[in-house]
Amino acid sequence: MTATEPAPSEADSERHFERYFEDVIARDQRIEPRDWLPEAYRKTMIRQIAQHAHSEIIGMQPEGNWITRAPSLRRKAILLAKVQDEAGHGLYLYSAAETLGGDRDDLTEKLISGRQKYSSIFNYPTLSFADVGVIGWLVDGAAICNQVPLCRSSYGPYARAMIRICKEESFHQRQGYELLMTMMTGTEAQREMVQDAVNRYWWPSLMMFGPPDDDSPNTAQSMAWKIKRHTNDELRQRFVDMTVPQAEALGVTLPDPDLSWNADRGHYDFGAIDWDELKQVISGGGPCNTERVERRRAAHEDGAWVREAAAAHARKQQQRKEVAA
Ligand code: BYC
């Protein structure tokens, strides 16, 4: 632009930024924190990342229930490490949300006041140690199916966080499967515990992928922005196809009489999912919703002194720096 050319209007600049954003998406490159982005993209990204972070943090509770009662030192060490990993995943994700202006305190407040969601799966109880294995196998297995494509999500900090998270989730899935294999080669009572856990967790695991495509309000826009790379139903099908042979190898029965190989489709057919149950659990009416949120609220309140002490320390350090300068 020369001095004699008129300055671009605000609307021109906005259009220029918009074109740049669309171009980055079309070329399959990443949107980075300092890039201009449409407000709706920012909102969607904060919603998804926050829901994901909350799921990791609330997801520590069902398995945490078994840390003190793990049957051996080895199982206890494995479970402790896994639950700690979930805390780490939550922290990377809250940091990714912060790069979009999502304030961590605000997000936590929304979680504990029920204004933001977390994955439905963590509202089911863990009734036996076999549940730890089944969560690793099915829940982490479903999470991997859903999250590997998110490593190519269009928002850079989210995609990069997802690479590390997926590596750790793979170990989580393996530890679950290995635990179940051990139990399945144990006593009859152990085999029954595994089958009972599979019966309780199979359908809720399928619900983790979200509502069916024709009832998923966010999918079309999130696919267009390349936040999501596959629809909810595509990923659910991928999970079923991957899991059926694993169930056979394990020797458990998946609780679905309609599950059968469809040679024409090249996929397994499966029975109808109870979408009313998913709606009820998402809207706070699952078996453990109240308990999970209460526990998170109590932990947040118990930790207030730590946050205050850290803030006071940071202020003191800053004052010392200013005095020294
Ligand atoms: N539970 O239009 P839709 C883990 C919500 S933790 C609750 O299809 P979208 C682990 C959805 O948010 C892994 N809410 O939405 C941790 C939306 O809400 P709004 C957790 C659900 O976003 C510890 C509304 O329903 N993984 O691995 O296009 C131990 C309409 O849905 C659910 C993630 O968070 C649900 N199941 O697609 C072990 C992955 N499903 O708009 C393991 C990241 C849907 O009313 N998230 N909703 O506020 C995603 O991939 C997508 O957000 C979803 C939903 C596929 C979940």
# chains A, B, ... in the order shown; residues from 1 in each chain; ligands from 1

$ select_by_dssp --residues "range 64-297 of chain A" --states "strand (DSSP E or B)" --output "MDAnalysis selection string"
chainID A and resid 155 260:262 267:269

$ closest_atom_pairs --of "chain A" --to "ligand 1" --cutoff "6 Å" --atoms "only C-alpha atoms and all ligand atoms" --output "CSV"
residue,atom,partner,partner_atom_place_in_ligand_line,distance
A:Gln48,CA,ligand 1,52 (O),4.8
A:Gln51,CA,ligand 1,34 (O),5.5
A:His52,CA,ligand 1,34 (O),3.3
A:Ser55,CA,ligand 1,6 (S),4.6
A:Glu56,CA,ligand 1,16 (C),4.0
A:Gly59,CA,ligand 1,23 (C),3.7
A:Met60,CA,ligand 1,23 (C),5.5
A:Glu86,CA,ligand 1,23 (C),5.5
A:Lys117,CA,ligand 1,14 (N),5.5
A:Tyr118,CA,ligand 1,7 (C),5.0
A:Ser119,CA,ligand 1,1 (N),3.6
A:Ser120,CA,ligand 1,1 (N),3.8
A:Val139,CA,ligand 1,42 (C),5.7
A:Asp140,CA,ligand 1,42 (C),4.8
A:Ala143,CA,ligand 1,27 (O),4.4
A:Asn146,CA,ligand 1,50 (O),5.9
A:Met207,CA,ligand 1,36 (N),5.4
A:Met208,CA,ligand 1,36 (N),3.6
A:Phe209,CA,ligand 1,55 (C),4.8
A:Gly210,CA,ligand 1,40 (N),3.2
A:Pro211,CA,ligand 1,8 (O),5.3
A:Ser216,CA,ligand 1,2 (O),3.7
A:Pro217,CA,ligand 1,2 (O),4.1
A:Asn218,CA,ligand 1,2 (O),3.7
A:Thr219,CA,ligand 1,28 (O),4.3
A:Asn232,CA,ligand 1,55 (C),5.7
A:Ile282,CA,ligand 1,7 (C),5.1

$ write_last_selection --atoms "C-alpha atoms" --output "PDB file, in the first residue's frame"
ATOM      1  CA  GLN A  48     -14.702 -29.676  22.633  1.00  0.00           C
ATOM      2  CA  GLN A  51     -15.281 -31.305  27.486  1.00  0.00           C
ATOM      3  CA  HIS A  52     -12.323 -33.506  26.673  1.00  0.00           C
ATOM      4  CA  SER A  55     -13.526 -36.108  30.862  1.00  0.00           C
ATOM      5  CA  GLU A  56      -9.895 -36.878  31.637  1.00  0.00           C
ATOM      6  CA  GLY A  59     -12.357 -40.067  34.407  1.00  0.00           C
ATOM      7  CA  MET A  60      -9.800 -40.431  37.217  1.00  0.00           C
ATOM      8  CA  GLU A  86      -5.235 -38.969  32.981  1.00  0.00           C
ATOM      9  CA  LYS A 117     -20.321 -31.652  29.798  1.00  0.00           C
ATOM     10  CA  TYR A 118     -17.852 -34.510  30.221  1.00  0.00           C
ATOM     11  CA  SER A 119     -17.944 -37.963  28.697  1.00  0.00           C
ATOM     12  CA  SER A 120     -21.056 -39.968  29.580  1.00  0.00           C
ATOM     13  CA  VAL A 139     -13.086 -47.190  27.201  1.00  0.00           C
ATOM     14  CA  ASP A 140      -9.470 -46.441  26.321  1.00  0.00           C
ATOM     15  CA  ALA A 143     -10.930 -43.161  23.180  1.00  0.00           C
ATOM     16  CA  ASN A 146     -11.875 -41.285  18.515  1.00  0.00           C
ATOM     17  CA  MET A 207     -22.307 -44.226  23.384  1.00  0.00           C
ATOM     18  CA  MET A 208     -18.956 -42.505  23.974  1.00  0.00           C
ATOM     19  CA  PHE A 209     -18.815 -41.712  20.242  1.00  0.00           C
ATOM     20  CA  GLY A 210     -21.765 -39.366  20.633  1.00  0.00           C
ATOM     21  CA  PRO A 211     -25.263 -39.264  19.160  1.00  0.00           C
ATOM     22  CA  SER A 216     -25.428 -34.702  15.956  1.00  0.00           C
ATOM     23  CA  PRO A 217     -25.789 -30.908  15.726  1.00  0.00           C
ATOM     24  CA  ASN A 218     -22.038 -30.167  15.652  1.00  0.00           C
ATOM     25  CA  THR A 219     -20.638 -32.773  13.264  1.00  0.00           C
ATOM     26  CA  ASN A 232     -19.590 -40.233  15.204  1.00  0.00           C
ATOM     27  CA  ILE A 282     -25.531 -36.460  29.353  1.00  0.00           C
TER      28      ILE A 282
END

$ residues_around --residues "Ser153 in chain A" --least-positions-apart "5" --cutoff "7 Å" --atoms "only C-alpha atoms" --output "ChimeraX atom specification"
/A:159,226-228

$ atom_distance --atom1 "CA of Asn199 in chain A" --atom2 "CA of Leu180 in chain A"
13.9 Å

$ residues_around --residues "Leu107 in chain A" --least-positions-apart "3" --cutoff "12 Å" --atoms "only C-alpha atoms" --output "PyMOL selection string"
chain A and resi 46-54+90+93-95+97-98+101-104+110-118

$ write_last_selection --atoms "N, CA and C atoms" --output "compact mmCIF listing (two decimals), in the first residue's frame"
# COMPACT_ATOMS: atom_id res chain seq x y z
N ILE A 46 -13.14 -24.47 22.02
CA ILE A 46 -13.08 -24.41 23.50
C ILE A 46 -14.07 -25.42 24.08
N ARG A 47 -15.27 -25.52 23.49
CA ARG A 47 -16.27 -26.48 23.99
C ARG A 47 -15.72 -27.90 23.94
N GLN A 48 -15.17 -28.29 22.78
CA GLN A 48 -14.70 -29.68 22.63
C GLN A 48 -13.49 -29.95 23.52
N ILE A 49 -12.53 -29.01 23.52
CA ILE A 49 -11.32 -29.25 24.32
C ILE A 49 -11.68 -29.28 25.81
N ALA A 50 -12.55 -28.37 26.24
CA ALA A 50 -12.92 -28.34 27.66
C ALA A 50 -13.64 -29.63 28.04
N GLN A 51 -14.57 -30.07 27.17
CA GLN A 51 -15.28 -31.30 27.49
C GLN A 51 -14.30 -32.49 27.57
N HIS A 52 -13.33 -32.44 26.69
CA HIS A 52 -12.32 -33.51 26.67
C HIS A 52 -11.48 -33.45 27.96
N ALA A 53 -11.04 -32.24 28.33
CA ALA A 53 -10.23 -32.08 29.56
C ALA A 53 -11.03 -32.53 30.78
N HIS A 54 -12.28 -32.10 30.87
CA HIS A 54 -13.11 -32.49 32.01
C HIS A 54 -13.25 -34.02 32.07
N GLY A 90 -5.52 -34.12 31.21
CA GLY A 90 -6.41 -32.99 31.52
C GLY A 90 -5.62 -31.68 31.49
N LEU A 93 -4.74 -30.47 28.05
CA LEU A 93 -5.93 -30.01 27.33
C LEU A 93 -6.41 -28.66 27.86
N TYR A 94 -6.37 -28.46 29.18
CA TYR A 94 -6.74 -27.13 29.70
C TYR A 94 -5.76 -26.08 29.15
N SER A 95 -4.49 -26.46 29.01
CA SER A 95 -3.51 -25.50 28.45
C SER A 95 -3.87 -25.19 27.00
N ALA A 97 -6.82 -25.21 25.73
CA ALA A 97 -8.01 -24.32 25.76
C ALA A 97 -7.58 -22.90 26.10
N GLU A 98 -6.55 -22.76 26.95
CA GLU A 98 -6.09 -21.42 27.32
C GLU A 98 -5.53 -20.66 26.13
N GLY A 101 -8.06 -18.59 24.73
CA GLY A 101 -8.70 -17.64 25.63
C GLY A 101 -9.66 -18.29 26.61
N GLY A 102 -9.68 -19.61 26.66
CA GLY A 102 -10.55 -20.31 27.63
C GLY A 102 -9.87 -20.28 28.99
N ASP A 103 -10.46 -19.60 29.95
CA ASP A 103 -9.85 -19.46 31.26
C ASP A 103 -10.09 -20.72 32.09
N ARG A 104 -9.00 -21.25 32.68
CA ARG A 104 -9.11 -22.55 33.36
C ARG A 104 -10.09 -22.51 34.54
N LYS A 110 -17.54 -24.03 35.27
CA LYS A 110 -18.64 -24.52 34.42
C LYS A 110 -18.85 -26.02 34.63
N LEU A 111 -17.76 -26.76 34.83
CA LEU A 111 -17.89 -28.20 35.06
C LEU A 111 -18.62 -28.47 36.37
N ILE A 112 -18.18 -27.79 37.44
CA ILE A 112 -18.75 -28.15 38.75
C ILE A 112 -20.13 -27.54 38.97
N SER A 113 -20.53 -26.64 38.07
CA SER A 113 -21.90 -26.13 38.19
C SER A 113 -22.81 -26.79 37.15
N GLY A 114 -22.26 -27.81 36.44
CA GLY A 114 -23.08 -28.58 35.50
C GLY A 114 -23.36 -27.86 34.19
N ARG A 115 -22.61 -26.77 33.91
CA ARG A 115 -22.87 -26.05 32.65
C ARG A 115 -22.02 -26.55 31.50
N GLN A 116 -21.04 -27.40 31.79
CA GLN A 116 -20.25 -27.99 30.71
C GLN A 116 -20.23 -29.50 30.89
N LYS A 117 -20.19 -30.20 29.74
CA LYS A 117 -20.32 -31.65 29.80
C LYS A 117 -18.96 -32.34 29.96
N TYR A 118 -19.01 -33.62 30.28
CA TYR A 118 -17.85 -34.51 30.22
C TYR A 118 -18.39 -35.83 29.74

$ closest_residue --among "A:Ala304, A:Ala96, A:Leu179, A:Ala309" --to "Met45 in chain A" --atoms "only C-alpha atoms"
A:Ala96

$ residues_around --residues "Ala40 in chain A" --least-positions-apart "2" --cutoff "12 Å" --atoms "only C-alpha atoms" --output "count of residues only"
14

$ residues_around --residues "Asp241 in chain A" --least-positions-apart "6" --cutoff "12 Å" --atoms "only C-alpha atoms" --output "NGL selection string"
:A and (141-142 or 145 or 206 or 234-235 or 247-248 or 259-262 or 265-270)

$ write_last_selection --atoms "N, CA, C and O atoms" --output "mmCIF file, in the first residue's frame"
data_model
loop_
_atom_site.group_PDB
_atom_site.id
_atom_site.type_symbol
_atom_site.label_atom_id
_atom_site.label_comp_id
_atom_site.auth_asym_id
_atom_site.auth_seq_id
_atom_site.Cartn_x
_atom_site.Cartn_y
_atom_site.Cartn_z
ATOM 1 N N GLY A 141 -9.913 -48.029 24.536
ATOM 2 C CA GLY A 141 -9.956 -48.454 23.119
ATOM 3 C C GLY A 141 -10.839 -47.512 22.309
ATOM 4 O O GLY A 141 -10.462 -47.064 21.220
ATOM 5 N N ALA A 142 -12.006 -47.185 22.853
ATOM 6 C CA ALA A 142 -12.907 -46.246 22.157
ATOM 7 C C ALA A 142 -12.246 -44.873 22.078
ATOM 8 O O ALA A 142 -12.319 -44.184 21.046
ATOM 9 N N CYS A 145 -9.733 -44.816 19.239
ATOM 10 C CA CYS A 145 -10.424 -44.733 17.933
ATOM 11 C C CYS A 145 -10.852 -43.293 17.643
ATOM 12 O O CYS A 145 -10.725 -42.797 16.531
ATOM 13 N N LEU A 206 -20.099 -47.757 23.422
ATOM 14 C CA LEU A 206 -20.553 -47.345 22.081
ATOM 15 C C LEU A 206 -21.147 -45.936 22.110
ATOM 16 O O LEU A 206 -21.066 -45.187 21.128
ATOM 17 N N GLU A 234 -19.165 -43.247 11.958
ATOM 18 C CA GLU A 234 -18.002 -43.892 11.300
ATOM 19 C C GLU A 234 -17.035 -44.430 12.347
ATOM 20 O O GLU A 234 -16.534 -45.560 12.246
ATOM 21 N N LEU A 235 -16.778 -43.612 13.376
ATOM 22 C CA LEU A 235 -15.812 -44.045 14.393
ATOM 23 C C LEU A 235 -16.376 -45.177 15.255
ATOM 24 O O LEU A 235 -15.649 -46.091 15.640
ATOM 25 N N ALA A 247 -12.577 -59.505 21.448
ATOM 26 C CA ALA A 247 -13.462 -60.191 22.402
ATOM 27 C C ALA A 247 -13.351 -61.706 22.200
ATOM 28 O O ALA A 247 -13.327 -62.480 23.166
ATOM 29 N N GLU A 248 -13.271 -62.116 20.922
ATOM 30 C CA GLU A 248 -13.161 -63.562 20.626
ATOM 31 C C GLU A 248 -11.860 -64.104 21.210
ATOM 32 O O GLU A 248 -11.840 -65.162 21.842
ATOM 33 N N LEU A 259 -25.169 -58.772 16.857
ATOM 34 C CA LEU A 259 -23.811 -58.549 16.351
ATOM 35 C C LEU A 259 -23.449 -59.650 15.356
ATOM 36 O O LEU A 259 -23.411 -60.821 15.713
ATOM 37 N N SER A 260 -23.231 -59.284 14.087
ATOM 38 C CA SER A 260 -22.839 -60.321 13.125
ATOM 39 C C SER A 260 -22.084 -59.691 11.959
ATOM 40 O O SER A 260 -22.302 -58.499 11.630
ATOM 41 N N TRP A 261 -21.223 -60.463 11.332
ATOM 42 C CA TRP A 261 -20.410 -59.972 10.220
ATOM 43 C C TRP A 261 -21.294 -59.781 8.990
ATOM 44 O O TRP A 261 -22.069 -60.667 8.626
ATOM 45 N N ASN A 262 -21.186 -58.639 8.359
ATOM 46 C CA ASN A 262 -21.956 -58.374 7.143
ATOM 47 C C ASN A 262 -20.957 -58.308 5.983
ATOM 48 O O ASN A 262 -20.229 -57.318 5.831
ATOM 49 N N ARG A 265 -21.224 -55.351 3.477
ATOM 50 C CA ARG A 265 -20.726 -54.052 3.937
ATOM 51 C C ARG A 265 -19.245 -54.118 4.301
ATOM 52 O O ARG A 265 -18.568 -53.108 4.385
ATOM 53 N N GLY A 266 -18.779 -55.330 4.603
ATOM 54 C CA GLY A 266 -17.387 -55.472 5.075
ATOM 55 C C GLY A 266 -17.239 -54.932 6.494
ATOM 56 O O GLY A 266 -16.164 -54.486 6.901
ATOM 57 N N HIS A 267 -18.350 -54.982 7.256
ATOM 58 C CA HIS A 267 -18.340 -54.485 8.638
ATOM 59 C C HIS A 267 -19.237 -55.375 9.485
ATOM 60 O O HIS A 267 -20.079 -56.101 8.949
ATOM 61 N N TYR A 268 -19.098 -55.251 10.824
ATOM 62 C CA TYR A 268 -20.039 -55.930 11.702
ATOM 63 C C TYR A 268 -21.319 -55.108 11.822
ATOM 64 O O TYR A 268 -21.255 -53.885 11.999
ATOM 65 N N ASP A 269 -22.467 -55.774 11.725
ATOM 66 C CA ASP A 269 -23.738 -55.128 12.069
ATOM 67 C C ASP A 269 -23.868 -55.219 13.583
ATOM 68 O O ASP A 269 -23.379 -56.174 14.197
ATOM 69 N N PHE A 270 -24.534 -54.244 14.171
ATOM 70 C CA PHE A 270 -24.787 -54.352 15.620
ATOM 71 C C PHE A 270 -26.174 -53.818 15.953
ATOM 72 O O PHE A 270 -26.811 -53.151 15.138
#

$ select_by_dssp --residues "range 202-264 of chain A" --states "helix (DSSP H, G or I)" --output "PyMOL selection string"
chain A and resi 202-207+213-215+219-224+232-250

$ residues_around --residues "Asp215 in chain A" --least-positions-apart "5" --cutoff "12 Å" --atoms "only C-alpha atoms" --output "number ranges by chain"
A: 210, 220, 231-233, 275, 279

$ atom_distance --atom1 "CA of Val252 in chain A" --atom2 "CA of Gln280 in chain A"
28.3 Å

$ atom_distance --atom1 "CA of Glu192 in chain A" --atom2 "CA of Asp131 in chain A"
11.9 Å

$ closest_residue --among "A:Thr108, A:Gln190, A:Phe129, A:Asp28" --to "Thr68 in chain A" --atoms "only C-alpha atoms"
A:Phe129

$ closest_residue --among "A:Leu79, A:Gly88, A:Val281, A:Gly186" --to "Met162 in chain A" --atoms "only C-alpha atoms"
A:Gly88
